[in-house]
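Just structure24.cif here, mmCIF, C-alpha atoms:
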data_protein
#
loop_
_atom_site.label_atom_id
_atom_site.label_comp_id
_atom_site.auth_asym_id
_atom_site.auth_seq_id
_atom_site.Cartn_x
_atom_site.Cartn_y
_atom_site.Cartn_z
CA MET A 3 -23.78 66.86 232.32
CA ALA A 4 -23.48 65.44 228.83
CA PRO A 5 -24.43 61.80 228.27
CA PRO A 6 -21.48 59.36 228.40
CA PHE A 7 -22.03 58.28 224.80
CA LYS A 8 -22.06 61.82 223.36
CA LYS A 9 -18.34 61.92 222.78
CA PHE A 10 -18.46 58.50 221.15
CA GLU A 11 -21.21 59.63 218.76
CA ALA A 12 -19.27 62.76 217.89
CA HIS A 13 -16.41 60.55 216.78
CA GLY A 14 -18.56 58.26 214.66
CA GLY A 15 -20.31 56.09 217.23
CA GLY A 16 -22.15 52.94 216.28
CA GLY A 17 -19.13 51.01 215.08
CA PRO A 18 -16.58 51.61 212.34
CA ARG A 19 -17.75 53.49 209.30
CA ILE A 20 -18.28 51.23 206.31
CA ARG A 21 -17.05 52.63 203.04
CA GLU A 22 -19.31 52.89 200.04
CA ILE A 23 -19.54 49.65 198.08
CA PRO A 24 -20.17 49.48 194.30
CA MET A 25 -23.24 47.59 193.16
CA ARG A 26 -21.20 44.93 191.38
CA MET A 27 -19.78 43.93 194.78
CA VAL A 28 -23.28 43.58 196.23
CA LEU A 29 -24.78 41.48 193.43
CA PRO A 30 -23.02 38.15 194.24
CA ASN A 31 -23.95 38.49 197.92
CA LEU A 32 -27.55 39.17 196.91
CA VAL A 33 -27.58 35.93 194.91
CA THR A 34 -26.19 34.10 197.96
CA VAL A 35 -28.96 35.51 200.17
CA LEU A 36 -31.59 34.51 197.61
CA ALA A 37 -30.11 31.00 197.60
CA ILE A 38 -30.49 30.79 201.39
CA CYS A 39 -34.09 32.01 201.10
CA ALA A 40 -34.81 29.34 198.50
CA GLY A 41 -33.29 26.58 200.64
CA LEU A 42 -35.23 27.62 203.74
CA SER A 43 -38.42 27.94 201.68
CA GLY A 44 -37.85 24.38 200.50
CA ILE A 45 -37.73 23.25 204.13
CA ARG A 46 -40.99 25.09 204.82
CA PHE A 47 -42.74 23.48 201.83
CA GLY A 48 -41.46 20.10 202.93
CA PHE A 49 -42.96 20.34 206.40
CA GLU A 50 -46.20 21.61 204.86
CA GLY A 51 -46.40 18.44 202.76
CA ARG A 52 -45.83 20.27 199.45
CA PHE A 53 -42.89 18.13 198.41
CA GLU A 54 -42.60 18.85 194.69
CA PRO A 55 -42.24 22.64 195.27
CA ALA A 56 -39.89 21.80 198.14
CA VAL A 57 -37.55 19.86 195.85
CA VAL A 58 -37.73 22.59 193.20
CA MET A 59 -36.75 25.22 195.78
CA VAL A 60 -33.84 23.10 197.07
CA LEU A 61 -32.57 22.57 193.52
CA LEU A 62 -32.97 26.30 192.83
CA ALA A 63 -30.98 27.04 195.97
CA ALA A 64 -28.24 24.67 194.84
CA PHE A 65 -28.16 26.34 191.41
CA LEU A 66 -27.97 29.87 192.84
CA ASP A 67 -25.36 28.79 195.36
CA GLY A 68 -23.31 27.33 192.54
CA ILE A 69 -23.26 30.47 190.41
CA ASP A 70 -22.66 33.16 193.04
CA GLY A 71 -18.94 32.45 193.25
CA ARG A 72 -18.56 32.37 189.48
CA LEU A 73 -20.53 35.59 189.24
CA ALA A 74 -18.23 37.23 191.79
CA ARG A 75 -15.14 36.18 189.84
CA MET A 76 -16.65 37.31 186.55
CA LEU A 77 -17.49 40.74 187.99
CA LYS A 78 -14.18 40.88 189.89
CA ALA A 79 -16.24 41.29 193.05
CA THR A 80 -14.71 38.63 195.30
CA SER A 81 -14.40 39.56 198.98
CA LYS A 82 -13.78 37.92 202.35
CA PHE A 83 -17.32 38.79 203.39
CA GLY A 84 -18.72 37.09 200.30
CA ALA A 85 -16.59 33.99 200.91
CA GLN A 86 -17.91 33.66 204.47
CA MET A 87 -21.49 34.18 203.31
CA ASP A 88 -21.04 31.57 200.62
CA SER A 89 -19.72 29.00 203.11
CA LEU A 90 -22.71 29.54 205.40
CA ALA A 91 -25.11 29.27 202.47
CA ASP A 92 -23.47 26.05 201.29
CA ILE A 93 -24.15 24.17 204.52
CA VAL A 94 -27.80 25.32 204.50
CA ASN A 95 -28.53 24.63 200.84
CA PHE A 96 -26.46 21.49 200.26
CA GLY A 97 -26.71 19.89 203.70
CA VAL A 98 -29.60 21.03 205.87
CA ALA A 99 -32.32 21.64 203.26
CA PRO A 100 -32.06 18.34 201.31
CA ALA A 101 -31.77 16.29 204.52
CA LEU A 102 -34.83 17.87 206.16
CA VAL A 103 -36.99 17.66 203.02
CA LEU A 104 -36.09 14.00 202.57
CA TYR A 105 -36.72 13.34 206.25
CA ALA A 106 -40.13 14.99 206.14
CA PHE A 107 -41.09 13.01 203.04
CA LEU A 108 -39.77 9.53 203.80
CA LEU A 109 -36.99 9.08 206.37
CA ASP A 110 -39.27 9.80 209.34
CA ARG A 111 -41.08 6.52 208.58
CA ALA A 112 -37.86 4.70 209.52
CA GLY A 113 -37.86 6.27 212.98
CA SER A 114 -34.54 7.02 214.66
CA PRO A 115 -32.39 5.41 211.93
CA GLY A 116 -33.91 7.84 209.40
CA TRP A 117 -33.08 10.83 211.60
CA ILE A 118 -29.54 9.50 212.13
CA ALA A 119 -29.10 9.23 208.36
CA ALA A 120 -30.29 12.83 207.88
CA LEU A 121 -27.86 14.02 210.56
CA LEU A 122 -24.98 12.04 209.05
CA PHE A 123 -25.61 13.56 205.63
CA THR A 124 -25.71 17.11 206.99
CA ILE A 125 -22.53 16.62 209.04
CA ALA A 126 -20.78 14.95 206.10
CA CYS A 127 -21.73 17.89 203.88
CA GLY A 128 -20.26 20.35 206.40
CA MET A 129 -17.04 18.32 206.63
CA ARG A 130 -16.85 18.09 202.83
CA LEU A 131 -17.18 21.86 202.47
CA ALA A 132 -14.55 22.47 205.16
CA ARG A 133 -12.11 20.12 203.42
CA PHE A 134 -12.77 21.84 200.10
CA ASN A 135 -11.93 25.23 201.61
CA VAL A 136 -8.71 23.85 203.11
CA LEU A 137 -7.58 22.13 199.90
CA ASP A 138 -8.43 25.23 197.88
CA GLU A 139 -5.90 27.22 199.92
CA GLU A 140 -3.07 24.70 199.50
CA LEU A 141 -0.50 25.98 197.03
CA ASP A 142 1.85 22.98 197.02
CA ARG A 143 -0.56 20.52 195.37
CA PRO A 144 0.43 19.29 191.90
CA GLN A 145 -1.43 21.23 189.26
CA TRP A 146 -3.02 18.16 187.72
CA GLN A 147 -4.59 17.15 191.04
CA THR A 148 -6.59 20.39 191.12
CA GLU A 149 -8.59 18.97 188.20
CA TYR A 150 -10.19 16.47 190.59
CA PHE A 151 -12.42 16.89 193.63
CA VAL A 152 -11.61 14.85 196.72
CA GLY A 153 -14.91 13.09 197.33
CA VAL A 154 -18.25 13.84 195.73
CA PRO A 155 -18.80 17.64 195.76
CA ALA A 156 -21.53 19.00 198.03
CA PRO A 157 -23.85 20.27 195.22
CA ALA A 158 -23.78 16.85 193.58
CA GLY A 159 -24.42 15.21 196.96
CA ALA A 160 -27.52 17.37 197.45
CA VAL A 161 -28.90 16.29 194.06
CA LEU A 162 -27.98 12.63 194.66
CA VAL A 163 -29.53 12.30 198.12
CA MET A 164 -32.97 13.35 196.88
CA LEU A 165 -33.16 10.45 194.40
CA PRO A 166 -35.91 8.72 196.46
CA LEU A 167 -38.14 11.77 195.98
CA TYR A 168 -37.57 11.78 192.20
CA LEU A 169 -38.55 8.09 192.03
CA PHE A 170 -41.78 8.63 193.95
CA PHE A 171 -42.64 11.67 191.82
CA LEU A 172 -42.45 9.51 188.67
CA ARG A 173 -45.89 8.12 189.55
CA LEU A 174 -44.75 4.52 189.09
CA GLY A 175 -47.02 3.21 191.80
CA LEU A 176 -44.38 3.42 194.52
CA GLU A 177 -45.57 4.16 198.04
CA PRO A 178 -43.58 5.81 200.87
CA SER A 179 -43.67 2.65 202.99
CA ARG A 180 -41.52 1.71 205.99
CA LEU A 181 -39.41 -0.61 203.81
CA ALA A 182 -38.81 2.22 201.33
CA ALA A 183 -37.83 4.45 204.24
CA PHE A 184 -35.14 1.99 205.37
CA ILE A 185 -33.83 1.65 201.81
CA ALA A 186 -33.68 5.46 201.53
CA THR A 187 -31.92 5.57 204.92
CA GLY A 188 -29.20 3.27 203.61
CA PHE A 189 -28.87 5.32 200.41
CA THR A 190 -28.58 8.56 202.41
CA ILE A 191 -25.78 7.08 204.51
CA LEU A 192 -24.03 5.92 201.33
CA VAL A 193 -24.14 9.44 199.86
CA ALA A 194 -22.82 10.82 203.17
CA PHE A 195 -19.78 8.54 202.93
CA LEU A 196 -19.26 9.48 199.28
CA LEU A 197 -19.04 13.12 200.38
CA VAL A 198 -16.28 12.52 202.92
CA SER A 199 -14.48 9.79 200.95
CA ARG A 200 -11.13 10.16 199.19
CA LEU A 201 -12.80 9.31 195.90
CA PRO A 202 -11.24 11.36 193.06
CA VAL A 203 -14.04 12.98 191.06
CA TYR A 204 -13.18 14.77 187.84
CA SER A 205 -14.20 18.42 188.08
CA GLY A 206 -13.99 19.41 184.43
CA LYS A 207 -12.48 22.79 185.32
CA SER A 208 -9.68 22.47 182.77
CA VAL A 209 -11.82 21.25 179.86
CA ARG A 210 -11.17 23.15 176.66
CA ILE A 211 -13.87 22.91 173.99
CA PRO A 212 -12.70 22.82 170.35
CA GLY A 213 -14.18 25.58 168.29
CA ASP A 214 -15.99 23.23 165.90
CA ARG A 215 -17.82 21.56 168.82
CA VAL A 216 -19.11 24.67 170.58
CA LEU A 217 -22.44 24.80 168.75
CA PRO A 218 -23.28 21.10 169.23
CA ILE A 219 -22.44 21.37 172.94
CA ILE A 220 -24.62 24.48 173.32
CA LEU A 221 -27.44 22.59 171.57
CA ALA A 222 -26.96 19.62 173.93
CA VAL A 223 -27.12 21.89 176.98
CA VAL A 224 -30.28 23.53 175.68
CA LEU A 225 -31.79 20.08 175.08
CA TYR A 226 -30.95 19.03 178.64
CA VAL A 227 -32.54 22.17 180.08
CA LEU A 228 -35.68 21.64 177.99
CA LEU A 229 -35.90 18.03 179.14
CA LEU A 230 -35.42 19.18 182.72
CA MET A 231 -38.27 21.66 182.38
CA THR A 232 -40.60 19.24 180.58
CA TYR A 233 -39.76 15.93 182.30
CA PRO A 234 -38.03 17.05 185.50
CA TRP A 235 -38.20 13.84 187.53
CA TYR A 236 -37.23 11.53 184.66
CA THR A 237 -34.35 13.82 183.77
CA LEU A 238 -33.11 14.11 187.35
CA THR A 239 -33.35 10.35 187.88
CA ALA A 240 -31.36 9.71 184.70
CA SER A 241 -28.84 12.38 185.72
CA VAL A 242 -28.28 10.74 189.11
CA ALA A 243 -27.87 7.32 187.48
CA GLY A 244 -25.42 8.76 184.96
CA TYR A 245 -23.40 10.48 187.68
CA LEU A 246 -23.11 7.29 189.74
CA VAL A 247 -21.94 5.41 186.63
CA PHE A 248 -19.43 8.19 185.94
CA LEU A 249 -17.69 7.84 189.32
CA PRO A 250 -15.79 4.58 188.59
CA PHE A 251 -14.55 6.03 185.29
CA SER A 252 -13.33 9.10 187.17
CA VAL A 253 -11.37 6.91 189.60
CA ARG A 254 -9.87 4.99 186.68
CA ALA A 255 -8.83 8.19 184.90
CA TYR A 256 -7.24 9.51 188.10
CA SER A 257 -5.24 6.30 188.59
CA ARG A 258 -3.93 6.46 185.03
CA ARG A 259 -3.02 10.11 185.38
CA ALA A 260 -1.24 9.47 188.69
CA LYS A 261 0.73 6.68 187.08
CA ARG A 262 1.80 8.91 184.19
CA GLU A 263 2.79 11.73 186.51
CA GLY A 264 4.71 9.28 188.69
CA GLU A 265 6.68 8.08 185.67
CA LYS A 266 7.51 11.66 184.70
CA ALA A 267 8.89 12.54 188.13
CA PRO A 268 11.98 10.22 188.13
CA SER A 269 12.93 11.27 184.61
CA SER A 270 12.68 14.94 185.57
CA ASP A 271 14.80 14.30 188.68
CA ILE A 272 17.47 12.65 186.56
CA GLY A 273 17.38 15.57 184.16
#
As structure tokens:
Amino acid sequence: MAPPFKKFEAHGGGGPRIREIPMRMVLPNLVTVLAICAGLSGIRFGFEGRFEPAVVMVLLAAFLDGIDGRLARMLKATSKFGAQMDSLADIVNFGVAPALVLYAFLLDRAGSPGWIAALLFTIACGMRLARFNVLDEELDRPQWQTEYFVGVPAPAGAVLVMLPLYLFFLRLGLEPSRLAAFIATGFTILVAFLLVSRLPVYSGKSVRIPGDRVLPIILAVVLYVLLLMTYPWYTLTASVAGYLVFLPFSVRAYSRRAKREGEKAPSSDIG
């Protein structure tokens, strides 16, 4: 008597046959997987007490996670599978990894409040990513509103929340004391609320660079990268400070734009 699974194997057992996939479709998913590996490696380094490599790996994970979607669109390799992978990678790299590295370095000295802050940040990051996915699928939003994020984006939140580590790495004589842990706990909770807030943050997606300014902007980007490689903690600290200063200006710009668009609407209705 033939085995009961023989007939199933003869008809292609083992699940549905997956069609051949071109390499350009695989490349963005490979970058996503590498981003997850970097984020998890950062967690490992953090719990081993190697905090500077841990932060570097978390930032590398955030960078890779930020370019995989753009790479997929550039190669015309977007897929539902890639979108799901990217969402899972986002919560690991932008939420779990920064929170655990910060907890291992400093927040654990605050006891339970430090752990609560780490949990709040991770949950807030997950909620922020879910809201981004929902808003991205809405087609009835005014076009000008798509130029703004609702709340601080998750990649920026991951860079912001690790500010206490940058400050300690500056070798300014700061010590990871219990008082510093409570201050970092409060800062972590603040960043968590910025993630889930309704704060309009300019995304810069619609920026068009004049042709005569392309070379100076390229030179400025190169300068920033060189500063980041040479003076990483000073550069990251200054970047975080600059981003926090930028937020009120973003809110002000959004309010002015909303007012202008609101004035246009009645005149268009009359027309």
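Across the chains present, the PyMOL selection byres ((chain A and resi 31) around 8) applied to this file returns Met27, Val28, Leu29, Pro30, Leu32, Val33, Thr34, Val35, Asp70, Gly84, Met87 and Asp88 of chain A.
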Note to self: Given the PyMOL selection byres ((chain A and resi 121) around 12) and the file above, list the residues it selects as a ChimeraX atom specification.
What the structure shows: /A:97-102,104-105,109,114-120,122-128,187,190-191,194
Next item on the list: Report the distance between atom CA of A:Pro234 and atom CA of A:Tyr204 in Å, rounded to one decimal place.
Entry: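 Going from atom CA of A:Pro234 over to atom CA of A:Tyr204 covers 25.1 Å.
Going from atom CA of A:Ile69 to atom CA of A:Ala91 covers 12.3 Å.
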Next item on the list: Run the PyMOL selection byres ((chain A and resi 161) around 10) mentally over the shown coordinates, then write out the matched residues as a list in words, using the chain letters and numbers from the document.
Entry: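 Written out, the selection comes to Val57, Val60, Leu61, Ala64, Phe96, Pro100, Ala156, Pro157, Ala158, Gly159, Ala160, Leu162, Val163, Met164, Leu165, Tyr168, Leu238, Thr239, Ser241 and Val242 of chain A.
In this model, the gap between atom CA of A:Arg75 and atom CA of A:Leu131 comes to 19.2 Å.
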Margin query: Here is a test: counting only C-alpha atoms, which residue of A:Val247, A:Ile219, A:Leu172, A:Asp214 is nearest to A:Tyr233?
Written below: A:Leu172
Check: Quick one: of A:Tyr256, A:Phe251, A:Trp235, A:Tyr226, who's nearest to A:Pro202, counting all atoms listed in the file?
Finding: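 Once distances to A:Pro202 are computed over all atoms listed in the file, the minimum belongs to A:Tyr256.
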Checklist line | A:Phe49 environment, 12 Å, all atoms listed in the file, sequence neighbours closer than 4 positions dropped, as number ranges by chain | finding: A: 42-45, 53-57, 99, 102-108, 110
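Considering the residues A:Ser89, A:Ser81, A:Ser205, A:Ser179 and counting only C-alpha atoms, A:Ser252 has its shortest atom-to-atom contact with A:Ser205.
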Checklist line | Distance criterion (all atoms listed in the file): nearest to A:Asn135 out of A:Val154, A:Leu221, A:Ala85, A:Ala255 | finding: A:Ala85
